[in-house]
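Q: So here's protein.csv, just CSV, C-alpha atoms:
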```csv
chain,number,residue,atom,x,y,z
A,476,MET,CA,3.6,2.6,-13.5
A,477,ALA,CA,1.8,0.5,-15.9
A,478,ASP,CA,4.1,-2.4,-15.3
A,479,GLY,CA,3.9,-2.0,-11.6
A,480,ASP,CA,0.1,-2.2,-11.7
A,481,ALA,CA,0.0,-5.4,-13.6
A,482,PRO,CA,-2.0,-8.0,-11.7
A,483,PRO,CA,0.2,-10.6,-9.9
A,484,GLY,CA,-2.5,-13.2,-10.6
A,485,GLY,CA,-2.0,-12.8,-14.3
A,486,TYR,CA,1.3,-14.6,-14.1
A,487,THR,CA,0.4,-17.4,-11.8
A,488,PRO,CA,1.3,-20.5,-13.8
A,489,ASP,CA,-1.2,-22.8,-12.3
A,490,PRO,CA,-4.2,-20.7,-11.3
A,491,VAL,CA,-6.5,-22.2,-8.7
A,492,GLY,CA,-10.2,-21.3,-8.0
A,493,ARG,CA,-12.0,-18.9,-10.2
A,494,ALA,CA,-9.2,-17.4,-12.2
A,495,PRO,CA,-10.5,-15.1,-14.9
A,496,ALA,CA,-10.7,-16.7,-18.3
A,497,VAL,CA,-10.0,-13.4,-20.0
A,498,ARG,CA,-6.8,-11.5,-19.3
A,499,PRO,CA,-7.9,-8.7,-17.0
A,500,PHE,CA,-6.9,-5.7,-19.2
A,501,LEU,CA,-8.4,-7.1,-22.3
A,502,VAL,CA,-11.8,-5.7,-21.0
A,503,THR,CA,-10.2,-2.3,-20.8
A,504,ALA,CA,-8.7,-2.5,-24.2
A,505,GLY,CA,-5.3,-2.4,-22.6
A,506,ARG,CA,-5.9,0.8,-20.7
A,507,VAL,CA,-4.6,1.1,-17.1
A,508,ALA,CA,-5.9,3.4,-14.4
A,509,GLY,CA,-4.4,6.8,-13.7
A,510,THR,CA,-2.7,7.6,-17.0
A,511,ARG,CA,-5.2,10.1,-18.3
A,512,THR,CA,-6.3,12.2,-15.5
A,513,GLY,CA,-3.5,12.0,-12.9
A,514,PRO,CA,-3.2,9.4,-10.2
A,515,PRO,CA,-5.7,6.6,-9.9
A,516,ILE,CA,-8.8,7.3,-7.9
A,517,PRO,CA,-8.5,6.0,-4.3
A,518,VAL,CA,-9.7,2.4,-3.5
A,519,GLU,CA,-12.3,3.8,-1.1
A,520,THR,CA,-13.9,6.0,-3.7
A,521,GLN,CA,-17.7,5.6,-3.6
A,522,VAL,CA,-19.5,4.7,-6.8
A,523,VAL,CA,-23.2,4.6,-7.3
A,524,ALA,CA,-25.4,3.8,-10.3
A,525,THR,CA,-27.3,6.8,-11.8
A,526,ALA,CA,-31.0,6.5,-12.8
A,527,GLU,CA,-29.8,6.6,-16.4
A,528,GLY,CA,-27.4,3.8,-15.7
A,529,LEU,CA,-30.1,1.6,-14.2
A,530,ARG,CA,-32.5,2.4,-17.1
A,531,GLU,CA,-29.8,1.3,-19.6
A,532,LEU,CA,-28.7,-1.7,-17.6
A,533,ASP,CA,-30.2,-4.2,-19.9
A,534,ARG,CA,-28.2,-2.8,-22.8
A,535,LEU,CA,-24.9,-3.0,-21.0
A,536,THR,CA,-22.9,-6.2,-21.2
A,537,PHE,CA,-20.4,-8.2,-19.2
A,538,GLU,CA,-18.3,-6.2,-16.7
A,539,ARG,CA,-20.0,-2.9,-17.4
A,540,HIS,CA,-23.4,-4.5,-16.7
A,541,ASP,CA,-22.2,-6.1,-13.6
A,542,ILE,CA,-20.6,-2.9,-12.2
A,543,VAL,CA,-23.7,-0.8,-12.7
A,544,ALA,CA,-25.9,-3.5,-11.3
A,545,VAL,CA,-23.8,-3.9,-8.1
A,546,CYS,CA,-23.8,-0.2,-7.7
A,547,ARG,CA,-27.5,0.0,-7.1
A,548,ARG,CA,-26.2,0.6,-3.6
A,549,PRO,CA,-23.1,2.8,-3.1
A,550,GLN,CA,-19.9,0.7,-3.2
A,551,SER,CA,-16.3,1.5,-3.0
A,552,ILE,CA,-14.0,0.7,-5.9
A,553,ALA,CA,-12.4,-2.0,-3.7
A,554,GLU,CA,-15.8,-3.6,-2.9
A,555,ILE,CA,-16.8,-3.7,-6.6
A,556,ALA,CA,-13.5,-5.4,-7.5
A,557,ALA,CA,-13.8,-7.9,-4.7
A,558,LYS,CA,-17.5,-8.8,-5.3
A,559,LEU,CA,-17.1,-9.1,-9.1
A,560,ARG,CA,-13.6,-10.7,-8.9
A,561,LEU,CA,-12.2,-8.0,-11.1
A,562,HIS,CA,-8.7,-6.4,-10.8
A,563,LEU,CA,-8.8,-3.2,-9.0
A,564,ASN,CA,-7.5,-1.2,-11.9
A,565,VAL,CA,-9.9,-2.7,-14.3
A,566,VAL,CA,-12.7,-1.4,-12.1
A,567,ARG,CA,-11.1,2.0,-12.1
A,568,VAL,CA,-10.9,2.2,-15.8
A,569,LEU,CA,-14.4,0.9,-16.4
A,570,ALA,CA,-15.9,3.1,-13.7
A,571,GLU,CA,-14.4,6.1,-15.4
A,572,ASP,CA,-15.9,5.0,-18.7
A,573,LEU,CA,-19.3,4.5,-17.1
A,574,ARG,CA,-19.1,7.9,-15.4
A,575,SER,CA,-18.3,9.5,-18.7
A,576,ALA,CA,-21.3,7.8,-20.2
A,577,GLY,CA,-23.5,9.1,-17.3
A,578,GLN,CA,-24.3,5.6,-16.0
A,579,LEU,CA,-22.3,5.9,-12.8
A,580,SER,CA,-21.7,8.6,-10.3
A,581,VAL,CA,-18.2,8.5,-8.9
A,582,HIS,CA,-17.5,10.4,-5.7
A,583,VAL,CA,-13.8,10.9,-5.3
A,584,PRO,CA,-13.0,11.7,-1.6
A,585,HIS,CA,-11.6,15.1,-0.8
A,586,ALA,CA,-7.9,15.0,-0.2
A,587,GLY,CA,-8.2,16.7,3.2
A,588,THR,CA,-10.6,14.2,4.7
A,589,ALA,CA,-7.9,12.4,6.6
A,590,GLN,CA,-6.8,15.6,8.3
A,591,ASP,CA,-10.4,16.8,9.1
A,592,ALA,CA,-10.7,16.9,12.9
A,593,SER,CA,-14.5,16.9,12.8
A,594,VAL,CA,-14.6,13.7,10.6
A,595,LEU,CA,-12.0,12.1,12.9
A,596,ARG,CA,-14.0,12.9,16.0
A,597,ARG,CA,-17.1,11.3,14.4
A,598,VAL,CA,-15.2,8.1,13.6
A,599,ILE,CA,-13.8,8.0,17.1
A,600,ASP,CA,-17.2,8.5,18.7
A,601,GLY,CA,-18.7,5.9,16.4
A,602,LEU,CA,-16.0,3.3,17.1
A,603,ARG,CA,-16.4,3.8,20.9
A,604,THR,CA,-19.9,2.5,20.7
A,605,ILE,CA,-18.8,-0.9,19.3
A,606,PRO,CA,-19.1,-3.5,22.1
A,607,ASP,CA,-16.3,-5.8,23.1
A,608,SER,CA,-17.7,-8.9,21.5
A,609,ARG,CA,-20.5,-9.8,19.1
A,610,GLY,CA,-22.2,-11.6,21.9
A,611,ALA,CA,-22.7,-8.3,23.7
A,612,LEU,CA,-25.0,-7.2,20.9
A,613,ARG,CA,-27.4,-10.1,21.6
A,614,ASP,CA,-27.8,-9.5,25.3
A,615,SER,CA,-31.4,-8.6,24.8
A,616,ASP,CA,-32.2,-11.8,22.9
B,357,MET,CA,-26.5,-11.6,-0.7
B,358,THR,CA,-30.1,-10.6,-0.4
B,359,VAL,CA,-32.1,-9.5,-3.4
B,360,THR,CA,-32.2,-5.7,-3.6
B,361,GLU,CA,-35.3,-4.0,-4.7
B,362,VAL,CA,-33.8,-0.6,-4.8
B,363,THR,CA,-34.6,0.9,-8.1
B,364,GLU,CA,-33.7,4.5,-7.5
B,365,PRO,CA,-30.1,5.2,-6.4
B,366,PRO,CA,-29.6,6.6,-2.9
B,367,LEU,CA,-29.0,10.4,-2.9
B,368,ARG,CA,-25.5,10.3,-1.5
B,369,PRO,CA,-23.0,7.5,-0.7
B,370,PRO,CA,-21.2,7.7,2.7
B,371,LEU,CA,-18.0,9.6,3.2
B,372,PRO,CA,-15.3,6.9,3.2
B,373,VAL,CA,-12.5,7.1,5.8
B,374,LYS,CA,-9.6,4.8,5.3
B,375,MET,CA,-7.2,3.2,7.7
B,376,VAL,CA,-4.3,0.9,6.8
B,377,ILE,CA,-3.5,-2.3,8.6
B,378,ALA,CA,0.1,-3.2,7.9
B,379,GLY,CA,2.7,-5.8,9.1
B,380,GLY,CA,4.6,-8.8,8.0
B,381,PHE,CA,3.4,-12.1,6.5
B,382,GLY,CA,1.1,-14.1,8.8
B,383,VAL,CA,1.1,-11.5,11.6
B,384,GLY,CA,-2.7,-11.3,11.9
B,385,LYS,CA,-3.8,-8.5,9.6
B,386,THR,CA,-6.8,-10.4,8.2
B,387,THR,CA,-7.7,-11.6,11.7
B,388,THR,CA,-7.6,-8.0,12.9
B,389,VAL,CA,-9.9,-6.8,10.1
B,390,GLY,CA,-12.2,-9.7,10.5
B,391,SER,CA,-12.6,-9.2,14.3
B,392,ILE,CA,-14.2,-5.8,13.8
B,393,SER,CA,-15.5,-5.6,10.3
B,394,GLU,CA,-19.3,-5.8,9.7
B,395,ILE,CA,-18.6,-7.8,6.6
B,396,ALA,CA,-16.3,-10.8,6.2
B,397,PRO,CA,-13.0,-9.5,4.9
B,398,LEU,CA,-13.0,-9.1,1.1
B,399,THR,CA,-10.0,-9.5,-1.1
B,400,THR,CA,-9.4,-8.3,-4.6
B,401,GLU,CA,-6.9,-10.9,-5.4
B,402,ALA,CA,-6.3,-14.7,-5.1
B,403,ALA,CA,-4.6,-16.5,-2.2
B,404,ILE,CA,-0.9,-17.3,-2.2
B,405,THR,CA,-0.3,-20.9,-3.1
B,406,GLU,CA,2.8,-22.2,-4.6
B,407,VAL,CA,4.0,-18.7,-5.5
B,408,ALA,CA,4.8,-18.1,-1.9
B,409,ALA,CA,6.6,-21.4,-1.4
B,410,GLY,CA,10.2,-20.8,-0.4
B,411,VAL,CA,9.6,-17.1,-0.2
B,412,ASP,CA,7.8,-16.8,3.1
B,413,ASP,CA,8.9,-18.4,6.3
B,414,LEU,CA,6.0,-20.4,7.5
B,415,THR,CA,7.9,-22.2,10.3
B,416,HIS,CA,6.6,-19.9,13.0
B,417,THR,CA,3.0,-19.9,11.7
B,418,PRO,CA,2.3,-23.6,11.2
B,419,HIS,CA,-1.4,-23.2,10.9
B,420,LYS,CA,-1.3,-20.6,8.2
B,421,THR,CA,-1.1,-22.2,4.8
B,422,THR,CA,-2.5,-19.4,2.7
B,423,THR,CA,-2.6,-15.6,2.7
B,424,THR,CA,-3.8,-12.9,0.4
B,425,VAL,CA,-1.4,-11.6,-2.1
B,426,ALA,CA,-3.1,-8.3,-2.8
B,427,MET,CA,-5.1,-6.8,0.0
B,428,ASP,CA,-8.1,-7.7,2.1
B,429,PHE,CA,-10.3,-5.2,3.7
B,430,GLY,CA,-13.4,-4.7,5.9
B,431,THR,CA,-15.8,-2.0,6.7
B,432,ILE,CA,-17.4,-0.4,9.7
B,433,THR,CA,-20.4,1.8,9.1
B,434,ILE,CA,-20.3,4.6,11.6
B,435,ASP,CA,-23.6,6.1,10.4
B,436,PRO,CA,-25.4,6.4,7.0
B,437,THR,CA,-23.1,9.2,6.1
B,438,LEU,CA,-19.7,7.9,7.3
B,439,LYS,CA,-18.0,4.6,6.7
B,440,LEU,CA,-14.6,3.4,7.9
B,441,TYR,CA,-12.6,1.1,5.6
B,442,LEU,CA,-9.8,-1.0,7.0
B,443,PHE,CA,-7.3,-2.1,4.3
B,444,GLY,CA,-4.7,-4.7,4.9
B,445,THR,CA,-1.4,-4.2,3.1
B,446,PRO,CA,0.1,-7.1,1.2
B,447,GLY,CA,2.4,-9.1,3.4
B,448,GLN,CA,5.4,-9.2,1.2
B,449,ASP,CA,8.0,-6.6,0.3
B,450,ARG,CA,7.8,-7.6,-3.3
B,451,PHE,CA,4.2,-6.2,-3.4
B,452,GLY,CA,5.3,-3.0,-1.7
B,453,PHE,CA,4.7,-1.1,-4.9
B,454,MET,CA,1.0,-1.3,-4.2
B,455,TRP,CA,1.2,0.5,-1.0
B,456,ASP,CA,1.2,4.1,-2.3
B,457,ASP,CA,-2.0,3.3,-4.1
B,458,LEU,CA,-3.5,2.0,-1.0
B,459,VAL,CA,-2.2,4.5,1.5
B,460,GLU,CA,-2.9,7.7,-0.3
B,461,GLY,CA,-5.5,9.6,1.8
B,462,ALA,CA,-5.4,7.2,4.8
B,463,VAL,CA,-6.1,8.7,8.2
B,464,GLY,CA,-3.4,6.5,9.7
B,465,ALA,CA,-2.0,3.0,10.0
B,466,LEU,CA,-1.8,0.2,12.5
B,467,VAL,CA,1.4,-1.7,12.1
B,468,ILE,CA,1.0,-5.2,13.6
B,469,VAL,CA,4.0,-6.8,15.1
B,470,ASP,CA,4.8,-10.4,16.0
B,471,THR,CA,7.6,-10.2,18.5
B,472,ARG,CA,9.0,-13.5,17.3
B,473,ARG,CA,9.7,-11.9,14.0
B,474,LEU,CA,10.3,-8.2,14.6
B,475,ASP,CA,12.3,-7.9,11.4
B,476,ASP,CA,9.1,-8.4,9.4
B,477,CYS,CA,7.7,-5.0,10.4
B,478,TYR,CA,10.7,-2.8,9.7
B,479,ALA,CA,9.5,-2.1,6.1
B,480,ALA,CA,6.1,-0.9,7.3
B,481,VAL,CA,7.6,1.3,10.1
B,482,ASP,CA,10.1,2.8,7.7
B,483,TYR,CA,7.3,3.4,5.1
B,484,PHE,CA,4.9,5.2,7.4
B,485,GLU,CA,7.7,7.3,9.0
B,486,HIS,CA,8.9,8.3,5.6
B,487,LYS,CA,5.3,9.1,4.4
B,488,GLY,CA,4.6,11.1,7.6
B,489,ILE,CA,1.4,9.1,8.2
B,490,PRO,CA,0.3,8.7,11.8
B,491,PHE,CA,0.8,5.1,12.8
B,492,THR,CA,0.8,3.0,15.9
B,493,VAL,CA,2.9,-0.2,16.5
B,494,ALA,CA,0.6,-2.9,17.8
B,495,VAL,CA,2.1,-6.1,19.2
B,496,ASN,CA,-0.3,-9.0,18.5
B,497,THR,CA,-0.3,-11.1,21.7
B,498,PHE,CA,-0.8,-14.5,20.1
B,499,ASP,CA,-2.1,-16.9,22.7
B,500,GLY,CA,-1.8,-14.3,25.4
B,501,ARG,CA,2.0,-14.4,25.2
B,502,MET,CA,4.4,-11.7,24.5
B,503,ASP,CA,8.1,-12.5,24.2
B,504,HIS,CA,9.2,-8.9,24.5
B,505,GLN,CA,8.2,-6.1,26.8
B,506,LEU,CA,6.7,-3.1,24.9
B,507,ASP,CA,9.7,-0.8,25.8
B,508,GLU,CA,12.0,-3.5,24.3
B,509,VAL,CA,9.9,-3.5,21.1
B,510,ARG,CA,10.1,0.3,20.9
B,511,TRP,CA,13.9,0.1,21.4
B,512,ALA,CA,14.3,-2.6,18.8
B,513,LEU,CA,12.2,-0.8,16.2
B,514,ASP,CA,13.8,2.5,17.1
B,515,VAL,CA,10.5,4.4,16.6
B,516,ALA,CA,10.1,8.0,17.7
B,517,ASP,CA,8.6,8.8,21.1
B,518,PRO,CA,5.3,10.1,19.7
B,519,VAL,CA,4.6,6.8,18.1
B,520,PRO,CA,2.5,4.6,20.4
B,521,VAL,CA,3.6,1.1,21.0
B,522,ILE,CA,0.8,-1.0,22.3
B,523,ALA,CA,-0.2,-4.6,22.9
B,524,PHE,CA,-3.5,-6.0,21.5
B,525,ASP,CA,-5.2,-9.3,20.6
B,526,ALA,CA,-6.2,-9.5,17.0
B,527,ARG,CA,-8.9,-12.0,17.8
B,528,GLU,CA,-10.8,-9.7,20.2
B,529,ARG,CA,-13.1,-7.1,18.8
B,530,GLY,CA,-12.8,-4.8,21.8
B,531,SER,CA,-9.0,-5.0,21.7
B,532,VAL,CA,-9.0,-4.2,17.9
B,533,ARG,CA,-11.4,-1.4,18.5
B,534,ASP,CA,-9.1,0.1,21.1
B,535,ALA,CA,-6.1,-0.3,18.9
B,536,LEU,CA,-7.8,1.6,16.0
B,537,LEU,CA,-8.8,4.3,18.5
B,538,VAL,CA,-5.2,4.8,19.4
B,539,VAL,CA,-4.4,5.5,15.7
B,540,LEU,CA,-7.4,7.8,15.3
B,541,GLU,CA,-6.6,9.8,18.5
B,542,LEU,CA,-3.1,10.2,17.1
B,543,ALA,CA,-4.5,11.4,13.8
B,544,LEU,CA,-6.8,13.8,15.6
B,545,ALA,CA,-4.1,15.3,17.7
B,546,ARG,CA,-2.1,15.9,14.6
B,547,ALA,CA,-5.1,17.4,12.8
B,548,GLU,CA,-5.7,19.7,15.7
B,549,GLY,CA,-2.1,20.6,16.1
```
Now, as a test, write the supplied structure out as structure tokens.
A:
Amino acid sequence: MADGDAPPGGYTPDPVGRAPAVRPFLVTAGRVAGTRTGPPIPVETQVVATAEGLRELDRLTFERHDIVAVCRRPQSIAEIAAKLRLHLNVVRVLAEDLRSAGQLSVHVPHAGTAQDASVLRRVIDGLRTIPDSRGALRDSD
Amino acid sequence: MTVTEVTEPPLRPPLPVKMVIAGGFGVGKTTTVGSISEIAPLTTEAAITEVAAGVDDLTHTPHKTTTTVAMDFGTITIDPTLKLYLFGTPGQDRFGFMWDDLVEGAVGALVIVDTRRLDDCYAAVDYFEHKGIPFTVAVNTFDGRMDHQLDEVRWALDVADPVPVIAFDARERGSVRDALLVVLELALARAEG
């Protein structure tokens, strides 16, 4: 599992763009997601900074600081990873740390959501309101 | 990104609902997500560069020189309490190990097919059949053309009758919306059944 979760980018011999200067799992002290409390939390899990986390923001450093800061607004694990250019599993580990410290609130989705007919109907109804093209939204301009 | 002046966290984040966009390399997954997402598709990993050379057959997709090696995704806010996430699977079999992580808890999947390279989607079809996740096969009609009729695609892929096989255009938002709705209706029928 741990091997399978290793970031492919970590082995790119000639990294291009903004490759991380620090090996991703150095910031987690070598820990990988999903080894302590069962499977890793889903990528769509919502994370939001707590009032305590925001109060203590100035005392946090590096990735932990950046994660709490970006979570002023609710974000998914995937969005945090993308916006901060961190490996998904690094975010998972650090989010769990920050949750334990009371600085983040982590909302793991209920397993049954995907089979919840009322939720599915709401998504269907919402999607149906999306117009064919972006231009259609500007008809009133 | 605009400067946020929010000092107190919102009471509750939205309920996330996840759908998977699968298919072979260069089949239009990112285009599909980008056509309907309210944000430009995000990715958690770098683009394929020389790593992909010799591995992926680019001869049929001459304009595509890079692709994402991990996953790209987009979002559709249904309302302040509900948000749909569209996650693209990595295009290569060798990254297949990431799928379980991605697919866990998904309402369903759209498997995008390029009829010039039907073989490329076998892995995805097999995967979702095996997992018992509602999925729809969606033929991406590049340039308005379709080399195979839909019933031929169904026959070639040997998918079960309840699995919808549709045609769509990844570049058209309305077409992508309708394709996602087919997946959701399938998931709803199963949830109600």
Q: Quick one: residues within 10 Å of B:Arg510, all atoms listed in the file, excluding same-chain residues fewer than 5 positions away - as a PyMOL selection string?
A: chain B and resi 493+504-505+515-517+519-522
Q: Could you write out that same residue set with C-alpha atoms as a short mmCIF file (atom, residue, chain, number, x, y, z; two decimals), in the coordinates of the input?
A:
```cif
data_model
loop_
_atom_site.label_atom_id
_atom_site.label_comp_id
_atom_site.auth_asym_id
_atom_site.auth_seq_id
_atom_site.Cartn_x
_atom_site.Cartn_y
_atom_site.Cartn_z
CA VAL B 493 2.90 -0.20 16.50
CA HIS B 504 9.20 -8.90 24.50
CA GLN B 505 8.20 -6.10 26.80
CA VAL B 515 10.50 4.40 16.60
CA ALA B 516 10.10 8.00 17.70
CA ASP B 517 8.60 8.80 21.10
CA VAL B 519 4.60 6.80 18.10
CA PRO B 520 2.50 4.60 20.40
CA VAL B 521 3.60 1.10 21.00
CA ILE B 522 0.80 -1.00 22.30
#
```
Q: Residues of chain B within 6 Å of chain A, counting all atoms listed in the file - could you list those as a list in words?
A: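 The selection requested is Pro365, Pro369, Leu398, Thr399, Thr400, Ile434, Val463, Arg529, Gly530, Leu544 and Ala547 of chain B.
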Q: Excluding A:Asp572 and any residue of its chain fewer than 3 positions from it, enumerate the residues within 12 Å of it, using all atoms listed in the file, and give them as a PyMOL selection string.
A: chain A and resi 502-504+506+508+511+528+538-539+542-543+565-569+575-581
Q: In Å, how far is it from atom CA of B:Asp435 to atom CA of B:Pro372?
A: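 Interatomic distance, atom CA of B:Asp435 to atom CA of B:Pro372: 11.0 Å.
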